[in-house]
file my_file_2.tsv (TSV, C-alpha atoms)
chain	number	residue	atom	x	y	z
A	1247	MET	CA	-16.39	40.29	-14.69
A	1248	THR	CA	-18.65	38.55	-17.23
A	1249	ALA	CA	-19.16	34.79	-17.33
A	1250	ASN	CA	-17.31	34.61	-20.65
A	1251	SER	CA	-14.28	36.52	-19.36
A	1252	ALA	CA	-14.21	34.41	-16.20
A	1253	GLY	CA	-14.32	31.23	-18.29
A	1254	HIS	CA	-11.50	32.49	-20.50
A	1255	ARG	CA	-9.42	33.35	-17.47
A	1256	ASP	CA	-9.99	29.91	-15.91
A	1257	ASP	CA	-9.09	28.16	-19.16
A	1258	THR	CA	-5.87	30.14	-19.42
A	1259	ALA	CA	-5.04	29.41	-15.78
A	1260	LEU	CA	-5.57	25.68	-16.30
A	1261	ARG	CA	-3.42	25.62	-19.43
A	1262	ARG	CA	-0.66	27.39	-17.52
A	1263	PHE	CA	-0.97	24.88	-14.67
A	1264	ASN	CA	-0.85	21.98	-17.16
A	1265	ARG	CA	2.33	23.36	-18.72
A	1266	THR	CA	3.91	23.83	-15.31
A	1267	ALA	CA	3.04	20.25	-14.38
A	1268	GLU	CA	4.71	18.99	-17.55
A	1269	ILE	CA	7.83	21.03	-16.82
A	1270	ALA	CA	7.94	19.37	-13.39
A	1271	THR	CA	7.73	15.83	-14.78
A	1272	THR	CA	10.35	16.62	-17.43
A	1273	ASP	CA	12.68	17.89	-14.69
A	1274	VAL	CA	12.18	14.64	-12.74
A	1275	ILE	CA	13.29	12.43	-15.62
A	1276	ARG	CA	16.14	14.77	-16.48
A	1277	THR	CA	17.37	14.65	-12.88
A	1278	TYR	CA	17.00	10.94	-12.20
A	1279	SER	CA	17.69	9.14	-15.48
A	1280	THR	CA	19.83	10.25	-18.39
A	1281	SER	CA	19.05	6.95	-20.13
A	1282	PHE	CA	15.27	7.26	-20.07
A	1283	GLY	CA	15.55	10.98	-20.67
A	1284	LEU	CA	17.44	10.26	-23.88
A	1285	ALA	CA	14.93	7.61	-24.93
A	1286	THR	CA	11.94	9.90	-24.44
A	1287	ARG	CA	13.53	12.48	-26.73
A	1288	LEU	CA	13.33	9.88	-29.49
A	1289	LEU	CA	9.58	9.43	-29.07
A	1290	GLY	CA	7.11	11.08	-31.39
A	1291	LYS	CA	5.71	14.32	-30.02
A	1292	ARG	CA	2.32	12.78	-29.27
A	1293	HIS	CA	3.95	10.23	-26.90
A	1294	ARG	CA	6.87	12.10	-25.38
A	1295	GLN	CA	5.25	14.06	-22.57
A	1296	HIS	CA	2.90	11.24	-21.60
A	1297	VAL	CA	5.82	8.86	-21.00
A	1298	ARG	CA	7.63	11.53	-18.99
A	1299	ASN	CA	4.50	11.93	-16.87
A	1300	ILE	CA	4.39	8.19	-16.19
A	1301	TYR	CA	8.08	8.08	-15.31
A	1302	ALA	CA	7.78	10.97	-12.86
A	1303	MET	CA	4.82	9.45	-11.02
A	1304	VAL	CA	6.52	6.09	-10.51
A	1305	ARG	CA	9.88	7.68	-9.68
A	1306	ILE	CA	8.45	9.75	-6.83
A	1307	ALA	CA	6.77	6.69	-5.35
A	1308	ASP	CA	10.02	4.75	-5.67
A	1309	GLU	CA	11.91	7.50	-3.87
A	1310	ILE	CA	9.45	7.39	-0.96
A	1311	VAL	CA	10.33	3.75	-0.30
A	1312	ASP	CA	14.01	3.81	-1.34
A	1313	GLY	CA	15.45	6.16	1.22
A	1314	VAL	CA	14.36	9.75	0.67
A	1315	ALA	CA	11.62	9.60	3.28
A	1316	ALA	CA	13.90	7.78	5.72
A	1317	GLU	CA	16.69	10.33	5.23
A	1318	ALA	CA	14.14	13.06	5.94
A	1319	GLY	CA	13.59	11.47	9.35
A	1320	LEU	CA	10.42	9.45	8.77
A	1321	ASP	CA	10.19	6.14	10.58
A	1322	VAL	CA	8.62	3.07	8.92
A	1323	ALA	CA	5.10	4.00	10.03
A	1324	ALA	CA	5.47	7.54	8.70
A	1325	GLN	CA	6.92	6.26	5.42
A	1326	SER	CA	3.93	3.97	5.04
A	1327	ALA	CA	1.57	6.87	5.75
A	1328	ALA	CA	3.37	9.00	3.15
A	1329	LEU	CA	2.97	6.25	0.56
A	1330	ASP	CA	-0.71	5.81	1.50
A	1331	SER	CA	-1.27	9.51	0.96
A	1332	TYR	CA	0.50	9.41	-2.41
A	1333	ILE	CA	-1.55	6.41	-3.55
A	1334	ALA	CA	-4.82	7.98	-2.49
A	1335	GLU	CA	-4.01	11.27	-4.24
A	1336	THR	CA	-2.89	9.46	-7.39
A	1337	HIS	CA	-6.17	7.58	-7.68
A	1338	ARG	CA	-8.26	10.58	-6.70
A	1339	SER	CA	-6.54	12.70	-9.34
A	1340	MET	CA	-7.06	10.00	-11.97
A	1341	ARG	CA	-10.79	10.24	-11.33
A	1342	SER	CA	-10.96	14.05	-11.29
A	1343	ALA	CA	-8.20	14.95	-13.80
A	1344	TYR	CA	-6.78	17.43	-11.28
A	1345	SER	CA	-4.31	17.49	-8.42
A	1346	SER	CA	-2.57	20.28	-6.56
A	1347	ASP	CA	0.50	18.00	-6.78
A	1348	LEU	CA	2.10	18.93	-10.12
A	1349	ILE	CA	3.49	15.45	-10.82
A	1350	LEU	CA	0.20	13.72	-10.11
A	1351	HIS	CA	-1.75	16.33	-12.06
A	1352	ALA	CA	0.37	15.59	-15.14
A	1353	PHE	CA	0.06	11.83	-14.63
A	1354	ALA	CA	-3.71	12.03	-14.16
A	1355	ARG	CA	-4.10	13.80	-17.50
A	1356	THR	CA	-2.04	11.07	-19.16
A	1357	ALA	CA	-3.96	8.31	-17.41
A	1358	ARG	CA	-7.32	9.66	-18.53
A	1359	GLU	CA	-6.24	10.37	-22.11
A	1360	CYS	CA	-4.51	7.02	-22.58
A	1361	GLY	CA	-6.81	4.72	-20.62
A	1362	ILE	CA	-4.48	3.88	-17.73
A	1363	GLY	CA	-6.54	2.59	-14.82
A	1364	GLU	CA	-6.08	1.33	-11.29
A	1365	ASP	CA	-5.64	-2.18	-12.69
A	1366	LEU	CA	-2.13	-1.00	-13.61
A	1367	THR	CA	-1.38	1.54	-10.89
A	1368	GLN	CA	-2.45	-0.60	-7.92
A	1369	PRO	CA	-0.03	-3.48	-8.64
A	1370	PHE	CA	2.73	-0.89	-8.93
A	1371	PHE	CA	1.88	0.56	-5.54
A	1372	ASP	CA	1.62	-2.95	-4.05
A	1373	SER	CA	5.26	-3.54	-4.98
A	1374	MET	CA	6.26	-0.18	-3.52
A	1375	ARG	CA	4.47	-1.05	-0.29
A	1376	ALA	CA	6.33	-4.37	-0.10
A	1377	ASP	CA	9.60	-2.43	0.15
A	1378	ILE	CA	8.36	-0.53	3.19
A	1379	GLU	CA	6.82	-3.55	4.88
A	1380	GLU	CA	10.15	-5.37	4.69
A	1381	ASP	CA	12.12	-2.38	5.95
A	1382	ALA	CA	12.48	-3.69	9.49
A	1383	GLY	CA	14.82	-6.50	8.44
A	1384	PHE	CA	16.52	-8.05	5.42
A	1385	ALA	CA	13.95	-8.63	2.66
A	1386	ALA	CA	14.64	-11.94	0.93
A	1387	TYR	CA	12.56	-12.43	-2.24
A	1388	ASP	CA	11.96	-16.04	-3.30
A	1389	ILE	CA	10.97	-16.90	-6.90
A	1390	ASP	CA	7.25	-16.18	-6.43
A	1391	ALA	CA	7.87	-12.96	-4.49
A	1392	HIS	CA	10.37	-11.84	-7.12
A	1393	ALA	CA	7.86	-12.45	-9.94
A	1394	ALA	CA	5.10	-10.55	-8.13
A	1395	TYR	CA	7.43	-7.67	-7.31
A	1396	VAL	CA	8.75	-7.36	-10.87
A	1397	TYR	CA	5.23	-7.45	-12.32
A	1398	GLY	CA	4.13	-4.58	-10.10
A	1399	SER	CA	7.30	-2.51	-10.13
A	1400	ALA	CA	8.21	-2.81	-13.81
A	1401	GLU	CA	5.95	-4.85	-16.07
A	1402	VAL	CA	2.89	-2.69	-15.42
A	1403	VAL	CA	4.97	0.41	-16.21
A	1404	GLY	CA	5.69	-1.12	-19.60
A	1405	LEU	CA	1.97	-1.71	-20.03
A	1406	MET	CA	1.25	1.93	-19.11
A	1407	CYS	CA	3.65	3.09	-21.83
A	1408	LEU	CA	2.03	0.69	-24.28
A	1409	GLN	CA	-1.32	2.34	-23.53
A	1410	VAL	CA	0.27	5.64	-24.57
A	1411	PHE	CA	1.71	4.24	-27.81
A	1412	LEU	CA	-1.47	2.47	-28.93
A	1413	ARG	CA	-4.09	5.15	-28.38
A	1414	GLY	CA	-5.91	5.72	-31.64
A	1415	VAL	CA	-4.10	2.76	-33.22
A	1416	GLU	CA	-5.80	-0.42	-34.46
A	1417	ARG	CA	-4.22	-3.80	-33.83
A	1418	THR	CA	-5.72	-7.28	-33.97
A	1419	PRO	CA	-6.41	-9.12	-30.70
A	1420	GLU	CA	-3.46	-11.39	-31.44
A	1421	GLU	CA	-1.17	-8.44	-32.10
A	1422	LEU	CA	-2.33	-6.74	-28.90
A	1423	GLU	CA	-1.54	-9.86	-26.88
A	1424	THR	CA	1.92	-10.03	-28.46
A	1425	LEU	CA	2.54	-6.35	-27.71
A	1426	ARG	CA	1.45	-6.73	-24.11
A	1427	HIS	CA	3.79	-9.68	-23.69
A	1428	GLY	CA	6.63	-7.63	-25.17
A	1429	ALA	CA	5.92	-4.65	-22.92
A	1430	ARG	CA	5.94	-6.87	-19.84
A	1431	GLN	CA	9.13	-8.62	-20.90
A	1432	LEU	CA	10.90	-5.34	-21.56
A	1433	GLY	CA	9.90	-4.00	-18.16
A	1434	ALA	CA	11.03	-7.21	-16.47
A	1435	ALA	CA	14.38	-7.13	-18.31
A	1436	PHE	CA	14.99	-3.54	-17.23
A	1437	GLN	CA	14.21	-4.39	-13.63
A	1438	ASN	CA	16.27	-7.58	-13.49
A	1439	VAL	CA	19.41	-6.03	-14.95
A	1440	ASN	CA	19.00	-3.09	-12.58
A	1441	PHE	CA	18.84	-5.58	-9.69
A	1442	LEU	CA	22.15	-7.03	-10.92
A	1443	ARG	CA	23.96	-3.73	-11.21
A	1444	ASP	CA	22.47	-2.41	-7.93
A	1445	LEU	CA	23.50	-5.41	-5.82
A	1446	ALA	CA	25.75	-3.26	-3.65
A	1447	ASP	CA	23.14	-0.63	-2.82
A	1448	ASP	CA	20.24	-3.07	-2.48
A	1449	THR	CA	22.25	-5.32	-0.14
A	1450	ASP	CA	24.17	-2.83	1.99
A	1451	ARG	CA	21.86	0.19	2.19
A	1452	LEU	CA	18.36	-1.12	1.53
A	1453	HIS	CA	18.87	-4.62	2.98
A	1454	ARG	CA	17.02	-6.33	0.15
A	1455	GLY	CA	17.82	-9.50	-1.76
A	1456	TYR	CA	15.68	-9.31	-4.88
A	1457	LEU	CA	17.66	-11.99	-6.76
A	1458	GLY	CA	19.34	-14.24	-4.26
A	1459	GLY	CA	17.52	-13.91	-0.98
A	1460	THR	CA	20.00	-13.82	1.87
A	1461	ALA	CA	22.67	-15.72	-0.10
A	1462	ARG	CA	25.26	-13.80	-2.10
A	1463	LEU	CA	25.13	-14.41	-5.85
A	1464	THR	CA	27.87	-16.48	-7.42
A	1465	ASP	CA	29.15	-16.00	-10.95
A	1466	ALA	CA	26.94	-18.92	-11.98
A	1467	ASP	CA	23.91	-17.16	-10.46
A	1468	ARG	CA	24.85	-13.99	-12.31
A	1469	ASP	CA	25.08	-15.94	-15.57
A	1470	ALA	CA	21.64	-17.46	-15.05
A	1471	TRP	CA	20.08	-14.04	-14.45
A	1472	VAL	CA	21.92	-12.58	-17.44
A	1473	ALA	CA	20.49	-15.37	-19.61
A	1474	THR	CA	17.01	-14.55	-18.30
A	1475	VAL	CA	17.44	-10.87	-19.13
A	1476	PHE	CA	18.63	-11.62	-22.66
A	1477	ARG	CA	15.60	-13.89	-23.25
A	1478	GLN	CA	13.30	-11.14	-22.03
A	1479	LEU	CA	15.00	-8.56	-24.24
A	1480	SER	CA	14.72	-10.90	-27.23
A	1481	ASP	CA	10.97	-11.33	-26.69
A	1482	ALA	CA	10.56	-7.56	-26.44
A	1483	ARG	CA	12.69	-6.93	-29.54
A	1484	ASP	CA	10.44	-9.19	-31.62
A	1485	THR	CA	7.43	-6.96	-30.92
A	1486	ILE	CA	8.97	-3.64	-31.99
A	1487	PRO	CA	7.65	-3.84	-35.60
A	1488	LEU	CA	4.10	-3.95	-34.21
A	1489	LEU	CA	4.53	-0.60	-32.46
A	1490	PRO	CA	3.59	2.66	-34.19
A	1491	LYS	CA	6.63	3.96	-36.01
A	1492	ASP	CA	6.86	7.07	-33.82
A	1493	ALA	CA	7.48	4.87	-30.77
A	1494	ARG	CA	9.96	2.39	-32.24
A	1495	ALA	CA	13.20	4.39	-32.13
A	1496	ALA	CA	12.82	5.14	-28.42
A	1497	VAL	CA	11.97	1.56	-27.50
A	1498	ARG	CA	14.74	0.23	-29.74
A	1499	SER	CA	17.23	2.64	-28.15
A	1500	ALA	CA	16.23	1.74	-24.59
A	1501	LEU	CA	16.40	-1.96	-25.42
A	1502	ALA	CA	19.87	-1.59	-26.99
A	1503	LEU	CA	21.11	0.36	-23.98
A	1504	PHE	CA	19.99	-2.30	-21.53
A	1505	ALA	CA	21.41	-5.05	-23.72
A	1506	ALA	CA	24.76	-3.22	-23.59
A	1507	LEU	CA	24.43	-2.87	-19.81
A	1508	THR	CA	23.63	-6.57	-19.48
A	1509	ARG	CA	26.74	-7.49	-21.48
A	1510	ARG	CA	28.85	-5.37	-19.13
A	1511	VAL	CA	27.24	-7.02	-16.11
A	1512	SER	CA	27.95	-10.45	-17.63
A	1513	GLN	CA	31.66	-9.55	-17.77
A	1514	THR	CA	31.81	-8.32	-14.16
A	1515	PRO	CA	32.54	-10.85	-11.37
A	1516	ALA	CA	29.66	-11.20	-8.94
A	1517	ASP	CA	31.78	-10.12	-5.99
A	1518	VAL	CA	32.62	-6.89	-7.86
A	1519	LEU	CA	28.91	-6.22	-8.46
A	1520	TYR	CA	28.56	-6.14	-4.68
A	1521	ARG	CA	31.11	-3.32	-4.54
A	1522	ARG	CA	30.37	-1.05	-7.49
A	1523	ARG	CA	27.65	-0.14	-9.95
A	1524	VAL	CA	28.17	-0.97	-13.62
A	1525	ARG	CA	27.19	1.69	-16.16
A	1526	VAL	CA	27.30	2.35	-19.90
A	1527	PRO	CA	29.40	5.42	-20.88
A	1528	ASP	CA	27.50	8.36	-22.36
A	1529	PRO	CA	29.21	8.21	-25.79
A	1530	ILE	CA	28.04	4.60	-26.19
A	1531	LYS	CA	24.51	5.60	-25.16
A	1532	ALA	CA	24.53	8.30	-27.84
A	1533	ALA	CA	25.80	5.87	-30.48
A	1534	LEU	CA	23.10	3.32	-29.63
A	1535	ALA	CA	20.42	6.01	-29.85
A	1536	THR	CA	21.71	7.10	-33.26
A	1537	ARG	CA	21.61	3.53	-34.56
A	1538	ALA	CA	18.06	3.13	-33.27
A	1539	VAL	CA	16.94	6.27	-35.10
A	1540	LEU	CA	18.59	5.17	-38.34
A	1541	ALA	CA	17.14	1.67	-38.17
A	1542	THR	CA	13.66	3.04	-37.57
A	1543	ALA	CA	13.91	5.58	-40.37
A	1544	MET	CA	14.28	2.77	-42.91
A	1545	GLU	CA	11.13	0.97	-41.78
A	1546	ARG	CA	7.60	1.29	-43.06
A	1547	ASP	CA	4.99	3.06	-40.97
A	1548	ARG	CA	1.87	1.25	-39.89

call {"tool": "encode", "arguments": {"input": "my_file_2.tsv", "output": "structure tokens"}}
result
Amino acid sequence: MTANSAGHRDDTALRRFNRTAEIATTDVIRTYSTSFGLATRLLGKRHRQHVRNIYAMVRIADEIVDGVAAEAGLDVAAQSAALDSYIAETHRSMRSAYSSDLILHAFARTARECGIGEDLTQPFFDSMRADIEEDAGFAAYDIDAHAAYVYGSAEVVGLMCLQVFLRGVERTPEELETLRHGARQLGAAFQNVNFLRDLADDTDRLHRGYLGGTARLTDADRDAWVATVFRQLSDARDTIPLLPKDARAAVRSALALFAALTRRVSQTPADVLYRRRVRVPDPIKAALATRAVLATAMERDR
């Protein structure tokens, strides 16, 4: 075989591997989140797969610490070792642009193309590790621990997506700072409302108190957290016009969905939140997505 034919074969093999990796990340988001799956379909083509790759990487890490590894029979030490291995392979693949793990291979390509570094991935993994370290007993998060956890588990994911949206786009330093604030606020809002609707699972199965420590939330506590979420969503909404137009419909749709979820949580007694998970029906999700697309279509590009 000549050098040229070998090179052509290798290039074809790598492209096939890349495509397979992207199929794997798309399957992850399709399996685990209809809401984010819908939102990514509204992204421009240049963003869509990158955001799916980010979602898949963080989802797998989250599953390691949220019960999959434990159900597979791993004790706390083995779960920690599994997370260590995942972290090491993530960072190694980000440096080399290759991994035999399909999900991490896809994420590494996104990280390198979009400028996502360990300054964003390490805080995420720190939050994931906190969930394992607290596994032996009930994990009660005070205000400072809550803020640190939400930054690592959610805000940095918003910043990763912002890196995708802004590649090749010029914004002033002031606009960039505003966009980063919006991305962090949106991530925090998503996480906080998920804490509210997952009170039953977090308390009973995972033995974690992200919002109220060991005390059960009252309706007044719920109202205070709902007000926080709405403030965070409002901050994020104000930054949407600064995004590239091919990212706005998806962000607007996701924001509208979580606003609708927050309203439903606000109407659910706290004691009921400890018994069942609140959700937004699929027809309403579809309607919100349609409105987001129509609103974006009428805006100017920039």

call {"tool": "atom_distance", "arguments": {"input": "my_file_2.tsv", "atom1": "CA of Arg1483 in chain A", "atom2": "CA of Pro1369 in chain A"}}
result
24.7 Å

call {"tool": "atom_distance", "arguments": {"input": "my_file_2.tsv", "atom1": "CA of Ser1281 in chain A", "atom2": "CA of Lys1531 in chain A"}}
result
7.5 Å

call {"tool": "axis_aligned_box", "arguments": {"input": "my_file_2.tsv", "around": "range 1422-1437 of chain A", "padding_each_side": "8 Å", "output": "AutoDock Vina command-line options"}}
result
--center_x 6.3 --center_y -6.8 --center_z -21.3 --size_x 33.3 --size_y 22.5 --size_z 31.3

call {"tool": "atom_distance", "arguments": {"input": "my_file_2.tsv", "atom1": "CA of Arg1443 in chain A", "atom2": "CA of Gln1368 in chain A"}}
result
26.8 Å

call {"tool": "closest_residue", "arguments": {"input": "my_file_2.tsv", "among": "A:Thr1424, A:Ala1506, A:Ala1400, A:Val1511", "to": "Ile1530 in chain A", "atoms": "only C-alpha atoms"}}
result
A:Ala1506

call {"tool": "closest_atom_pairs", "arguments": {"input": "my_file_2.tsv", "of": "range 1397-1444 of chain A", "to": "range 1341-1363 of chain A", "cutoff": "7 Å", "atoms": "all atoms listed in the file", "output": "Markdown table"}}
result
| residue | atom | partner | partner_atom | distance |
| --- | --- | --- | --- | --- |
| A:Met1406 | CA | A:Ile1362 | CA | 6.2 |
| A:Gln1409 | CA | A:Cys1360 | CA | 5.7 |
| A:Val1410 | CA | A:Cys1360 | CA | 5.4 |
| A:Arg1413 | CA | A:Cys1360 | CA | 6.1 |

call {"tool": "closest_residue", "arguments": {"input": "my_file_2.tsv", "among": "A:Ala1482, A:Met1544, A:Phe1411, A:Ser1279", "to": "Gln1295 in chain A", "atoms": "all atoms listed in the file"}}
result
A:Phe1411

call {"tool": "residues_around", "arguments": {"input": "my_file_2.tsv", "residues": "Tyr1520 in chain A", "least_positions_apart": "3", "cutoff": "8 Å", "atoms": "all atoms listed in the file", "output": "VMD selection string"}}
result
chain A and resid 1444 to 1447 1449 1516 to 1517

call {"tool": "write_last_selection", "arguments": {"input": "my_file_2.tsv", "atoms": "C-alpha atoms", "output": "mmCIF file, keeping the file's coordinate frame"}}
result
data_model
loop_
_atom_site.group_PDB
_atom_site.id
_atom_site.type_symbol
_atom_site.label_atom_id
_atom_site.label_comp_id
_atom_site.auth_asym_id
_atom_site.auth_seq_id
_atom_site.Cartn_x
_atom_site.Cartn_y
_atom_site.Cartn_z
ATOM 1 C CA ASP A 1444 22.470 -2.410 -7.930
ATOM 2 C CA LEU A 1445 23.500 -5.410 -5.820
ATOM 3 C CA ALA A 1446 25.750 -3.260 -3.650
ATOM 4 C CA ASP A 1447 23.140 -0.630 -2.820
ATOM 5 C CA THR A 1449 22.250 -5.320 -0.140
ATOM 6 C CA ALA A 1516 29.660 -11.200 -8.940
ATOM 7 C CA ASP A 1517 31.780 -10.120 -5.990
#

call {"tool": "decode", "arguments": {"input": "my_file_2.tsv", "residues": "range 1508-1518 of chain A", "atoms": "all heavy atoms", "output": "short mmCIF file (atom, residue, chain, number, x, y, z; two decimals), in the first residue's frame"}}
result
data_model
loop_
_atom_site.label_atom_id
_atom_site.label_comp_id
_atom_site.auth_asym_id
_atom_site.auth_seq_id
_atom_site.Cartn_x
_atom_site.Cartn_y
_atom_site.Cartn_z
N THR A 1508 -41.00 26.41 36.27
CA THR A 1508 -40.92 27.14 37.54
C THR A 1508 -42.30 27.60 37.99
O THR A 1508 -42.63 27.54 39.19
CB THR A 1508 -39.97 28.34 37.41
OG1 THR A 1508 -38.69 27.89 36.94
CG2 THR A 1508 -39.78 29.03 38.76
N ARG A 1509 -43.13 28.05 37.06
CA ARG A 1509 -44.50 28.44 37.42
C ARG A 1509 -45.27 27.25 37.97
O ARG A 1509 -46.03 27.38 38.95
CB ARG A 1509 -45.21 29.04 36.20
CG ARG A 1509 -44.76 30.45 35.85
CD ARG A 1509 -45.65 31.10 34.83
NE ARG A 1509 -45.51 30.48 33.51
CZ ARG A 1509 -44.61 30.84 32.61
NH1 ARG A 1509 -43.74 31.81 32.87
NH2 ARG A 1509 -44.56 30.25 31.42
N ARG A 1510 -45.10 26.09 37.37
CA ARG A 1510 -45.79 24.89 37.88
C ARG A 1510 -45.28 24.51 39.27
O ARG A 1510 -46.07 24.11 40.15
CB ARG A 1510 -45.61 23.72 36.91
CG ARG A 1510 -46.45 23.89 35.64
CD ARG A 1510 -46.15 22.83 34.59
NE ARG A 1510 -47.07 23.01 33.46
CZ ARG A 1510 -48.20 22.34 33.28
NH1 ARG A 1510 -48.54 21.40 34.15
NH2 ARG A 1510 -48.98 22.58 32.25
N VAL A 1511 -43.98 24.64 39.48
CA VAL A 1511 -43.42 24.36 40.80
C VAL A 1511 -43.99 25.34 41.83
O VAL A 1511 -44.33 24.96 42.96
CB VAL A 1511 -41.88 24.47 40.76
CG1 VAL A 1511 -41.30 24.51 42.18
CG2 VAL A 1511 -41.29 23.28 40.00
N SER A 1512 -44.12 26.61 41.43
CA SER A 1512 -44.63 27.63 42.36
C SER A 1512 -46.05 27.35 42.80
O SER A 1512 -46.49 27.82 43.86
CB SER A 1512 -44.55 29.01 41.70
OG SER A 1512 -45.54 29.17 40.70
N GLN A 1513 -46.80 26.59 42.00
CA GLN A 1513 -48.19 26.27 42.30
C GLN A 1513 -48.35 24.91 42.99
O GLN A 1513 -49.47 24.47 43.25
CB GLN A 1513 -49.02 26.30 41.01
CG GLN A 1513 -49.03 27.66 40.34
CD GLN A 1513 -49.48 27.60 38.88
OE1 GLN A 1513 -49.83 26.53 38.37
NE2 GLN A 1513 -49.45 28.73 38.20
N THR A 1514 -47.23 24.27 43.27
CA THR A 1514 -47.26 22.93 43.90
C THR A 1514 -46.81 23.03 45.35
O THR A 1514 -45.72 23.53 45.63
CB THR A 1514 -46.31 21.97 43.14
OG1 THR A 1514 -46.67 21.94 41.76
CG2 THR A 1514 -46.41 20.56 43.72
N PRO A 1515 -47.64 22.60 46.30
CA PRO A 1515 -47.22 22.65 47.72
C PRO A 1515 -45.89 21.93 47.93
O PRO A 1515 -45.60 20.92 47.27
CB PRO A 1515 -48.36 21.94 48.44
CG PRO A 1515 -49.54 22.11 47.55
CD PRO A 1515 -49.00 22.04 46.14
N ALA A 1516 -45.10 22.46 48.84
CA ALA A 1516 -43.78 21.89 49.09
C ALA A 1516 -43.85 20.43 49.47
O ALA A 1516 -43.03 19.62 49.04
CB ALA A 1516 -43.06 22.70 50.17
N ASP A 1517 -44.84 20.06 50.28
CA ASP A 1517 -44.92 18.66 50.70
C ASP A 1517 -45.23 17.74 49.52
O ASP A 1517 -44.84 16.58 49.51
CB ASP A 1517 -45.95 18.47 51.82
CG ASP A 1517 -47.37 18.75 51.36
OD1 ASP A 1517 -47.59 19.75 50.65
OD2 ASP A 1517 -48.28 17.98 51.72
N VAL A 1518 -45.92 18.27 48.49
CA VAL A 1518 -46.19 17.48 47.29
C VAL A 1518 -44.91 17.31 46.46
O VAL A 1518 -44.68 16.25 45.86
CB VAL A 1518 -47.31 18.13 46.45
CG1 VAL A 1518 -47.50 17.37 45.13
CG2 VAL A 1518 -48.61 18.16 47.24
#
